[in-house]
Structures are given as structure tokens and as C-alpha cells.
Amino acid sequence: MKAVRFHAARDIRVEDVPPPSAKLGPRDVLIKPLITGICGTDLHEYLAGPIVTPVTPHVYTGARNPQILGHEFSAVVADAGPEVSNVSVGDRVSIQPLISPRDDYYGRRGLYQMSEKMGCVGLSWDWGGMGELAVVNDYNVCRVPAGVSDEQAAMIEPAAVAIYAVDRGGVTSGSTVLVSGVGPIGALVILAAHAAGASTIFVSEPNPNRLRLAKELLPSAICVNPLAEDLQQVIRDNTEEGVGVDVAVECVGLEASLNACAAAVRRQGKVVQTGLHMKPASVDAMMWAMKDISIEATWCYPVQIWPRIIRMVEAGQLPLEKIITARIKAEDVVEKGFDVLLDKAGKHLKILVSV
């Protein structure tokens with residue numbers, strides 16, 4: 001079968017690989033991937049990997065490179081083991097890709113994403129969404145209704161990151177929110193904060209193309225290029241008594257962005273750290289203390305969030321399709337996918353791949 005596999009930095013190949021064994025375990029599900037998104041994690045692997053893809057067998061899954069990529073995807077169920085009860089052959093599903101023990105410290109508490117042994121379909125599992133077939137566990141598949149498209153179903157995974165960030169910030173009706181950075185996650189946070197009822201959403205992004213995309217996503221957003229305007233002054237001018245925002249969500253993973261978020265929130269406001277930092281950040285801890293703010297760091301998402309997001313998408317509350325900027329075939333994944341997304345012009349947010 002055809003699959004897109006990561007071998008090493010700048011070495012992603014579309015190649016023929018053996019398909020999964022016809023013999024499934026009791027709770028295995030054989031799926032046929034439909035649409036797969038290219039994630040920032042995939043880009044990091046392509047640029048500087050292996051980082052999270054395993055060079056030696058993964059401690060829990062046993063997988064190792066070369067790795068079939070793809071952890072944001074939709075699929076159709078092709079077959080299922082005898083103990084699978086949550087899906088049937090022919091069902092369309094969205095993949096929740098996290099794989100972890102059900103019986104370790106975190107698993108017993110339902111905090112599966114916290115397990116020290118956690119693996120991920122498309123990163124540290126034998127299969128991924130950029131292959132013609134894959135095998136996953138029954139807990140990795142969530143059936144989607146007719147009102148949710150294949151593309152939307154593929155976007156549930158990154159949407160889960162954004163919804164979790166908004167949840168951790170306590171965004172609610174009437175909240176004022178700053179979203180720092182308009183990559184795919186930042187764009188989804190804009191949509192998630194709007195869906196949660198935020199009354200005023202500020203967006204900080206130095207790339208003019210992405211700032212324009214943010215304004216297209218949410219015309220009411222107050223969009224600021226922090227290199228050309230004083231972000232903090234804009235926020236003071238547009239919040240009650242100039243106190244700042246209730247919540248700031250950091251979606252870049254850079255020190256300057258984190259510090260801008262801390263400066264932007266009001267006293268006792270919340271900063272949600274969602275972007276992954278590749279190196280330590282220097283912060284003004286005294287300012288944090290004087291403002292009595294909360295710093296909420298996030299990792300992935302609670303895996304139980306899938307049905308809720310699917311309902312939001314079906315109801316039209318979360319138009320995930322708005323951040324899709326290109327659709328490509330697997331054979332073009334490097335030239336029209338990875339290389340395009342790494343272009344500093346930043347003309348794209350989410351590129352979807354069909355195998």
C-alpha cells in the first residue's frame with residue numbers, strides 16, 4: 001500500500017509498504033484514512049527530527065522510524081475485532097490519536113494524555129493517517145454524523161487543542177481574549193473563543209498574510225501587528241478602564257509572545273500557554289505576582305472531548321473548514337505541503353492531504 005513516511009530530517013518519502021495484517025486483535029479497528037492534516041509537529045520533525053518520532057522502539061507501542069505520518073485525520077471503518085462495540089464497518093470516524101495505558105497512574109484517573117508512556121498514531125505508532133490503511137484501538141475512533149464532513153472530521157484533533165486552551169482559560173460569555181499568534185492552532189483558538197461567547201477578541205500576529213486570514217475568520221476581531229502597533233495600548237484602549245483582557249492564549253511558543261500575554265491580561269487574569277516552547281523563556285515573575293495572574297500550561301487535550309467538538313461542528317458553532325487553505329494529494333506532500341507551510345510568507349494555515 002502507499003504511505004507517506006518520515007525517515008529523517010528533510011527526508012519524507014511516498015513509498016510502498018506492507019499493509020496491516022488481516023488478523024485483528026479483539027479491540028483493533030482497521031480503517032481506511034480519508035483526509036489528513038499536516039500538523040506543526042510534523043513540520044518540526046521534517047525540519048529537525050527525529051524529535052518525537054522514535055529512533056528506538058517506543059516504550060509502550062514498540063513503533064520506530066520510519067514512521068507513517070498523520071495524526072489529524074478522518075477515516076472509514078473497514079473491519080473491526082470481535083470485542084469492538086463503538087463502531088461498525090462503514091462508519092465514518094474522526095481519529096483521537098493518543099495511545100496510552102489504561103491502567104497506569106494517569107490511566108486509572110482518565111488522564112490518558114498525561115501518561116509517561118503515551119504514544120500517538122502517526123508519530124509513534126506503526127500506522128498513520130497518511131497511509132491507505134491503518135490499525136488503531138477502539139478507543140481511537142469516534143463516529144461522526146452525516147452533518148460533519150470528512151474534512152471537518154479530520155480537523156477535530158487540532159480543534160481539541162484549541163478548545164482545551166479556551167476551557168483552561170475559563171473563556172465564557174462576555175470574556176475579553178487575546179490570541180497571540182495565528183498559526184493553525186491560533187486560528188482555531190479564535191474560532192473556539194468566539195464559540196465560547198467571548199465579546200472582544202484581540203489577535204496579535206506580525207505576519208500580514210496571517211493577520212489578514214484572522215480578520216477573514218472573524219471580521220469583528222481587533223487585529224494587531226505588534227511590530228507596527230503598540231499591542232498593549234490597543235488593548236488598554238479597548239477594554240473597560242484599560243485594565244486588559246480576561247484571558248490571553250499564547251499560541252506561538254516564543255518568549256516575546258508569552259511576555260506580551262502576561263502584560264496584556266488584567267489583574268487576576270489568565271495566561272494559557274498552548275504554543276510549545278523549544279527553549280527556556282525568561283519571564284518577569286515579579287509582574288506575574290503583582291498582577292496575581294494565573295499561568296495555565298496545556299498539553300494535548302482530554303481525550304473525552306471528541307463528542308463535544310463533533311456536536312459543536314455539526315451545530316455550526318465551530319466552522320473548522322474556514323482555516324483550510326489548500327488540499328493536496330499524497331504524492332505532492334513535500335513540495336506542495338511541507339515546503340509550502342515552511343514558507344515564511346505564511347500564506348497558508350492548514351493543508352489537507354488525501355491518500
# chains A, B, ... in the order shown; residues from 1 in each chain; ligands from 1
>>> closest_atom_pairs(of="range 45-156 of chain A", to="range 278-300 of chain A", cutoff="10 Å", atoms="only C-alpha atoms", output="tab-separated table")
residue	atom	partner	partner_atom	distance
A:Leu98	CA	A:Cys300	CA	9.0
A:Gln113	CA	A:Cys300	CA	6.7
A:Met114	CA	A:Trp299	CA	8.0
>>> select_by_dssp(residues="range 33-243 of chain A", states="helix (DSSP H, G or I)", output="VMD selection string")
chain A and resid 40 to 48 107 to 109 112 to 114 138 to 140 150 to 154 156 to 169 184 to 195 208 to 217 231 to 237 240 to 242
>>> residues_around(residues="Leu318 in chain A", least_positions_apart="2", cutoff="9 Å", atoms="only C-alpha atoms", output="ChimeraX atom specification")
/A:159,188,191-192,194-195,309,312-316,320-321
>>> residues_around(residues="range 32-38 of chain A", least_positions_apart="4", cutoff="8 Å", atoms="only C-alpha atoms", output="PyMOL selection string")
chain A and resi 42-43+70-78+129-134+150-151+154-155+337-338+350-355
>>> write_last_selection(atoms="C-alpha atoms", output="PDB file, in the first residue's frame")
ATOM      1  CA  ASP A  42       5.020  17.050  11.568  1.00  0.00           C
ATOM      2  CA  LEU A  43       6.786  20.200  10.382  1.00  0.00           C
ATOM      3  CA  GLY A  70      -0.602  11.710  10.048  1.00  0.00           C
ATOM      4  CA  HIS A  71      -2.347  12.141  13.401  1.00  0.00           C
ATOM      5  CA  GLU A  72      -5.086  14.598  12.361  1.00  0.00           C
ATOM      6  CA  PHE A  73      -7.413  12.565  10.171  1.00  0.00           C
ATOM      7  CA  SER A  74     -10.764  11.129   9.260  1.00  0.00           C
ATOM      8  CA  ALA A  75     -11.343   7.569   8.101  1.00  0.00           C
ATOM      9  CA  VAL A  76     -13.848   4.850   7.251  1.00  0.00           C
ATOM     10  CA  VAL A  77     -14.019   1.659   9.291  1.00  0.00           C
ATOM     11  CA  ALA A  78     -13.009  -1.285   7.082  1.00  0.00           C
ATOM     12  CA  GLY A 129      -3.281   8.811   8.575  1.00  0.00           C
ATOM     13  CA  MET A 130      -1.056   9.235   5.522  1.00  0.00           C
ATOM     14  CA  GLY A 131      -1.315   5.564   4.597  1.00  0.00           C
ATOM     15  CA  GLU A 132      -4.006   3.785   2.615  1.00  0.00           C
ATOM     16  CA  LEU A 133      -4.850   1.589   5.622  1.00  0.00           C
ATOM     17  CA  ALA A 134      -4.186   1.734   9.355  1.00  0.00           C
ATOM     18  CA  ASP A 150     -14.676  14.260   6.099  1.00  0.00           C
ATOM     19  CA  GLU A 151     -12.587  17.432   6.165  1.00  0.00           C
ATOM     20  CA  ALA A 154     -10.012  15.447  10.136  1.00  0.00           C
ATOM     21  CA  MET A 155      -9.841  18.782  11.936  1.00  0.00           C
ATOM     22  CA  GLY A 337       2.627  20.605   1.669  1.00  0.00           C
ATOM     23  CA  PHE A 338       5.641  20.706   3.978  1.00  0.00           C
ATOM     24  CA  LYS A 350      -3.969  24.213   7.210  1.00  0.00           C
ATOM     25  CA  ILE A 351      -3.158  21.952   4.283  1.00  0.00           C
ATOM     26  CA  LEU A 352      -5.106  18.700   3.974  1.00  0.00           C
ATOM     27  CA  VAL A 353      -3.754  15.574   2.291  1.00  0.00           C
ATOM     28  CA  SER A 354      -5.720  12.810   0.583  1.00  0.00           C
ATOM     29  CA  VAL A 355      -4.019   9.423   0.174  1.00  0.00           C
TER      30      VAL A 355
END
>>> residues_around(residues="range 84-89 of chain A", least_positions_apart="4", cutoff="8 Å", atoms="only C-alpha atoms", output="PyMOL selection string")
chain A and resi 26-29+76-80+138+141-143
